[in-house]
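Asks: Below is one structure. I have some questions about it.
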Amino acid sequence: MQKSLLVASVFALSVTACSQEKTADTTTTAVDTPAAAPAPAPAKATAGVERAEAVAPAPAAAALSTQPGPKGTQVALTKARVVGDILNVELQYTLPAASNSNSEFLHTDIDQINYIDDATSRKYNILKDQQGAWMAMPTNSSGKSLDIAARKAGPSIVTLKFPAPPAESPTISLSVPEVGSFDGIAVQR
């Protein structure tokens with residue numbers, strides 16, 4: 001009898017403890033700071049089960065231009081920005097939702113990628129660093145081609161670095177093998 005009374009008491013205490021809201025005593029000091037957005041309220045637990053809210057994936061950067069790519073991929077040019085004397089270009093390869101496969105592996109020769117300064121009609125190739133390696137990512141082990149894994153789940157990001165066009169050149173046209181031409185792309189400075 002004492003054991004069952006003890007078990008019933010422990011059960012009653014644990015149920016009571018779980019059903020009470022926990023509060024913390026804290027003190028705050030007013031500080032002149034810009035108003036911040038209030039933190040979202042935590043999800044309420046029901047009968048000891050916690051709910052986790054699904055977090056949506058981060059949206060892809062807005063495309064300046066999109067072209068069809070090899071093997072049914074879509075290639076979005078998301079950045080053409082000059083920093084110092086370097087033009088930074090970012091491409092995002094994705095597979096459409098209607099694709100039969102979840103991923104496609106692509107290889108592109110780096111020495112075939114270039115842009116033309118629309119104002120002067122001058123052609124520029126990707127830069128090389130002091131060791132002679134192309135300034136592009138992701139590369140294969142030889143460093144001579146891009147190895148791109150286009151997926152349905154999210155974009156595969158490719159970064160390319162070129163010499164910057166002259167300041168008076170507002171647009172460029174980018175050429176990537178097996179991808180349509182990105183013409184008249186505004187350069188951000």
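Ligands are numbered from 1 in the order shown, chains are lettered A, B, ... in the order of the structure tokens, and residues start at 1 in each chain.
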Near stretch 82-97 of chain A, counting only C-alpha atoms, which residues have an atom at most 9 Å away, once you skip same-chain residues fewer than 4 positions from it, shown as an mmCIF file with N, CA, C and O atoms, in the first residue's frame?
Replies:
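Writing the result to around_9.cif gives the following:
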data_model
loop_
_atom_site.group_PDB
_atom_site.id
_atom_site.type_symbol
_atom_site.label_atom_id
_atom_site.label_comp_id
_atom_site.auth_asym_id
_atom_site.auth_seq_id
_atom_site.Cartn_x
_atom_site.Cartn_y
_atom_site.Cartn_z
ATOM 1 N N ALA A 60 16.756 32.054 -52.940
ATOM 2 C CA ALA A 60 17.912 32.266 -53.798
ATOM 3 C C ALA A 60 18.008 33.752 -54.138
ATOM 4 O O ALA A 60 17.020 34.477 -54.131
ATOM 5 N N ALA A 61 19.213 34.190 -54.405
ATOM 6 C CA ALA A 61 19.413 35.584 -54.773
ATOM 7 C C ALA A 61 18.644 35.879 -56.063
ATOM 8 O O ALA A 61 18.492 35.015 -56.918
ATOM 9 N N ALA A 63 17.809 36.819 -59.643
ATOM 10 C CA ALA A 63 18.604 36.643 -60.859
ATOM 11 C C ALA A 63 18.602 37.915 -61.701
ATOM 12 O O ALA A 63 17.573 38.547 -61.894
ATOM 13 N N GLY A 69 20.654 25.742 -69.361
ATOM 14 C CA GLY A 69 21.987 25.166 -69.312
ATOM 15 C C GLY A 69 21.982 23.732 -69.798
ATOM 16 O O GLY A 69 20.961 23.208 -70.237
ATOM 17 N N LYS A 71 21.960 19.600 -69.859
ATOM 18 C CA LYS A 71 21.239 18.530 -69.152
ATOM 19 C C LYS A 71 19.979 19.030 -68.454
ATOM 20 O O LYS A 71 19.638 18.583 -67.366
ATOM 21 N N GLY A 72 19.297 19.993 -69.033
ATOM 22 C CA GLY A 72 18.039 20.481 -68.487
ATOM 23 C C GLY A 72 18.168 21.432 -67.326
ATOM 24 O O GLY A 72 17.177 21.755 -66.675
ATOM 25 N N THR A 73 19.353 21.912 -67.039
ATOM 26 C CA THR A 73 19.540 22.832 -65.912
ATOM 27 C C THR A 73 19.112 24.243 -66.281
ATOM 28 O O THR A 73 18.973 24.580 -67.451
ATOM 29 N N GLN A 74 18.912 25.054 -65.262
ATOM 30 C CA GLN A 74 18.689 26.485 -65.421
ATOM 31 C C GLN A 74 19.870 27.183 -64.758
ATOM 32 O O GLN A 74 20.281 26.809 -63.659
ATOM 33 N N VAL A 75 20.421 28.190 -65.438
ATOM 34 C CA VAL A 75 21.573 28.911 -64.912
ATOM 35 C C VAL A 75 21.166 30.361 -64.711
ATOM 36 O O VAL A 75 20.765 31.036 -65.655
ATOM 37 N N ALA A 76 21.252 30.816 -63.470
ATOM 38 C CA ALA A 76 20.889 32.192 -63.125
ATOM 39 C C ALA A 76 22.149 32.972 -62.805
ATOM 40 O O ALA A 76 22.966 32.531 -61.991
ATOM 41 N N LEU A 77 22.321 34.111 -63.441
ATOM 42 C CA LEU A 77 23.408 35.022 -63.100
ATOM 43 C C LEU A 77 22.863 35.914 -61.998
ATOM 44 O O LEU A 77 21.904 36.646 -62.201
ATOM 45 N N THR A 78 23.443 35.811 -60.800
ATOM 46 C CA THR A 78 22.903 36.536 -59.651
ATOM 47 C C THR A 78 23.758 37.700 -59.199
ATOM 48 O O THR A 78 23.298 38.521 -58.411
ATOM 49 N N SER A 101 15.692 13.523 -62.752
ATOM 50 C CA SER A 101 16.715 13.160 -61.760
ATOM 51 C C SER A 101 16.787 14.240 -60.684
ATOM 52 O O SER A 101 16.318 15.354 -60.863
ATOM 53 N N ASN A 102 17.398 13.873 -59.562
ATOM 54 C CA ASN A 102 17.540 14.818 -58.454
ATOM 55 C C ASN A 102 18.791 15.667 -58.575
ATOM 56 O O ASN A 102 18.899 16.712 -57.954
ATOM 57 N N SER A 103 19.786 15.193 -59.355
ATOM 58 C CA SER A 103 21.010 15.965 -59.542
ATOM 59 C C SER A 103 21.657 15.622 -60.881
ATOM 60 O O SER A 103 21.433 14.543 -61.427
ATOM 61 N N GLU A 104 22.397 16.563 -61.395
ATOM 62 C CA GLU A 104 23.175 16.397 -62.630
ATOM 63 C C GLU A 104 24.562 16.948 -62.368
ATOM 64 O O GLU A 104 24.715 18.010 -61.762
ATOM 65 N N LEU A 127 40.522 35.450 -64.215
ATOM 66 C CA LEU A 127 41.839 35.730 -63.649
ATOM 67 C C LEU A 127 42.513 34.457 -63.133
ATOM 68 O O LEU A 127 41.842 33.487 -62.782
ATOM 69 N N ILE A 148 30.339 21.071 -61.303
ATOM 70 C CA ILE A 148 29.085 21.634 -60.791
ATOM 71 C C ILE A 148 28.094 20.502 -60.561
ATOM 72 O O ILE A 148 27.874 19.675 -61.452
ATOM 73 N N ALA A 149 27.487 20.477 -59.394
ATOM 74 C CA ALA A 149 26.448 19.505 -59.070
ATOM 75 C C ALA A 149 25.123 20.260 -58.990
ATOM 76 O O ALA A 149 24.792 20.832 -57.958
ATOM 77 N N ALA A 150 24.396 20.283 -60.101
ATOM 78 C CA ALA A 150 23.090 20.961 -60.117
ATOM 79 C C ALA A 150 22.069 20.040 -59.455
ATOM 80 O O ALA A 150 22.006 18.855 -59.769
ATOM 81 N N ARG A 151 21.288 20.593 -58.514
ATOM 82 C CA ARG A 151 20.336 19.792 -57.752
ATOM 83 C C ARG A 151 18.953 20.432 -57.758
ATOM 84 O O ARG A 151 18.824 21.642 -57.885
ATOM 85 N N LYS A 152 17.940 19.586 -57.540
ATOM 86 C CA LYS A 152 16.581 20.092 -57.352
ATOM 87 C C LYS A 152 16.456 20.766 -55.992
ATOM 88 O O LYS A 152 15.727 21.726 -55.824
ATOM 89 N N ALA A 153 17.174 20.230 -55.008
ATOM 90 C CA ALA A 153 17.033 20.684 -53.620
ATOM 91 C C ALA A 153 17.475 22.120 -53.411
ATOM 92 O O ALA A 153 17.022 22.772 -52.481
ATOM 93 N N GLY A 154 18.352 22.628 -54.226
ATOM 94 C CA GLY A 154 18.825 23.991 -54.059
ATOM 95 C C GLY A 154 19.904 24.296 -55.071
ATOM 96 O O GLY A 154 20.424 23.402 -55.734
ATOM 97 N N PRO A 155 20.251 25.564 -55.201
ATOM 98 C CA PRO A 155 21.216 25.949 -56.232
ATOM 99 C C PRO A 155 22.642 25.526 -55.901
ATOM 100 O O PRO A 155 23.027 25.441 -54.741
ATOM 101 N N SER A 156 23.392 25.244 -56.950
ATOM 102 C CA SER A 156 24.832 25.028 -56.842
ATOM 103 C C SER A 156 25.473 26.340 -57.281
ATOM 104 O O SER A 156 25.231 26.822 -58.389
ATOM 105 N N ILE A 157 26.269 26.935 -56.416
ATOM 106 C CA ILE A 157 26.798 28.274 -56.665
ATOM 107 C C ILE A 157 28.181 28.185 -57.287
ATOM 108 O O ILE A 157 29.039 27.444 -56.819
ATOM 109 N N VAL A 158 28.378 28.961 -58.348
ATOM 110 C CA VAL A 158 29.656 29.049 -59.051
ATOM 111 C C VAL A 158 30.120 30.493 -58.949
ATOM 112 O O VAL A 158 29.343 31.424 -59.214
ATOM 113 N N THR A 159 31.383 30.694 -58.547
ATOM 114 C CA THR A 159 31.932 32.043 -58.483
ATOM 115 C C THR A 159 33.090 32.165 -59.461
ATOM 116 O O THR A 159 33.897 31.240 -59.604
ATOM 117 N N LEU A 160 33.138 33.298 -60.133
ATOM 118 C CA LEU A 160 34.160 33.585 -61.141
ATOM 119 C C LEU A 160 34.720 34.977 -60.883
ATOM 120 O O LEU A 160 33.967 35.895 -60.560
ATOM 121 N N LYS A 161 36.029 35.133 -61.067
ATOM 122 C CA LYS A 161 36.661 36.450 -60.885
ATOM 123 C C LYS A 161 37.366 36.845 -62.176
ATOM 124 O O LYS A 161 38.168 36.081 -62.709
ATOM 125 N N PHE A 162 37.045 38.049 -62.646
ATOM 126 C CA PHE A 162 37.585 38.595 -63.882
ATOM 127 C C PHE A 162 38.248 39.938 -63.597
ATOM 128 O O PHE A 162 37.943 40.578 -62.585
ATOM 129 N N PRO A 163 39.086 40.412 -64.531
ATOM 130 C CA PRO A 163 39.532 41.810 -64.416
ATOM 131 C C PRO A 163 38.309 42.717 -64.565
ATOM 132 O O PRO A 163 37.407 42.437 -65.365
ATOM 133 N N ALA A 164 38.260 43.784 -63.803
ATOM 134 C CA ALA A 164 37.115 44.695 -63.866
ATOM 135 C C ALA A 164 37.106 45.453 -65.194
ATOM 136 O O ALA A 164 38.162 45.828 -65.706
ATOM 137 N N PRO A 165 35.913 45.687 -65.744
ATOM 138 C CA PRO A 165 35.839 46.530 -66.937
ATOM 139 C C PRO A 165 36.094 47.981 -66.546
ATOM 140 O O PRO A 165 36.002 48.330 -65.363
ATOM 141 N N VAL A 187 26.653 46.122 -64.506
ATOM 142 C CA VAL A 187 27.724 45.874 -63.532
ATOM 143 C C VAL A 187 27.502 46.806 -62.349
ATOM 144 O O VAL A 187 27.332 48.000 -62.491
ATOM 145 N N GLN A 188 27.496 46.221 -61.148
ATOM 146 C CA GLN A 188 27.357 47.005 -59.915
ATOM 147 C C GLN A 188 28.736 47.441 -59.465
ATOM 148 O O GLN A 188 29.700 46.699 -59.566
ATOM 149 N N ARG A 189 28.826 48.664 -58.986
ATOM 150 C CA ARG A 189 30.116 49.182 -58.491
ATOM 151 C C ARG A 189 29.943 49.717 -57.093
ATOM 152 O O ARG A 189 28.954 50.109 -56.650
#
Asks: Please, what distance in Å, to one decimal, runs between atom CA of A:Ser121 and atom CA of A:Ala136?
Replies: 23.0 Å
Asks: Which distance in Å separates atom CA of A:Ile113 and atom CA of A:Gly180, to one decimal?
Replies: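 Atom CA of A:Gly180 lies 12.0 Å from atom CA of A:Ile113.
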Asks: Kindly give the distance, in Å, that separates atom CA of A:Ala167 and atom CA of A:Asp109, rounded to a single decimal.
Replies: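 These two atoms are separated by 28.7 Å.
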Asks: Name the residues in contact with A:Asp147 at a cut-off of 9 Å, using only C-alpha atoms, excluding same-chain residues fewer than 2 positions from it; report them as a VMD selection string.
Replies: chain A and resid 105 to 108 137 to 140 145 149
Asks: Write to file, as an mmCIF file, in the first residue's frame, the residues of the selection just made, with N, CA and C atoms.
Replies:
data_model
loop_
_atom_site.group_PDB
_atom_site.id
_atom_site.type_symbol
_atom_site.label_atom_id
_atom_site.label_comp_id
_atom_site.auth_asym_id
_atom_site.auth_seq_id
_atom_site.Cartn_x
_atom_site.Cartn_y
_atom_site.Cartn_z
ATOM 1 N N PHE A 105 25.582 16.233 -62.824
ATOM 2 C CA PHE A 105 26.950 16.674 -62.649
ATOM 3 C C PHE A 105 27.465 17.233 -63.960
ATOM 4 N N LEU A 106 27.971 18.455 -63.896
ATOM 5 C CA LEU A 106 28.401 19.178 -65.092
ATOM 6 C C LEU A 106 29.871 19.539 -64.982
ATOM 7 N N HIS A 107 30.548 19.568 -66.127
ATOM 8 C CA HIS A 107 31.961 19.950 -66.192
ATOM 9 C C HIS A 107 32.092 21.010 -67.282
ATOM 10 N N THR A 108 32.702 22.127 -66.945
ATOM 11 C CA THR A 108 32.885 23.228 -67.888
ATOM 12 C C THR A 108 34.339 23.665 -67.866
ATOM 13 N N MET A 137 35.391 28.871 -58.694
ATOM 14 C CA MET A 137 35.022 27.762 -57.812
ATOM 15 C C MET A 137 33.646 27.267 -58.187
ATOM 16 N N PRO A 138 33.333 26.014 -58.049
ATOM 17 C CA PRO A 138 34.129 24.885 -57.598
ATOM 18 C C PRO A 138 34.891 24.256 -58.770
ATOM 19 N N THR A 139 36.147 23.954 -58.559
ATOM 20 C CA THR A 139 36.962 23.360 -59.614
ATOM 21 C C THR A 139 37.205 21.888 -59.324
ATOM 22 N N ASN A 140 37.596 21.166 -60.368
ATOM 23 C CA ASN A 140 37.966 19.763 -60.179
ATOM 24 C C ASN A 140 39.386 19.696 -59.638
ATOM 25 N N SER A 145 38.769 22.771 -64.832
ATOM 26 C CA SER A 145 37.350 22.864 -65.174
ATOM 27 C C SER A 145 36.520 23.018 -63.905
ATOM 28 N N ALA A 149 27.487 20.477 -59.394
ATOM 29 C CA ALA A 149 26.448 19.505 -59.070
ATOM 30 C C ALA A 149 25.123 20.260 -58.990
#
Asks: Kindly indicate which residue among A:Ile172, A:Ala186, A:Met135, A:Ile110 lies nearest to A:Arg122, using only C-alpha atoms for the distances.
Replies: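 Using only C-alpha atoms, the shortest distance to A:Arg122 belongs to A:Ile172.
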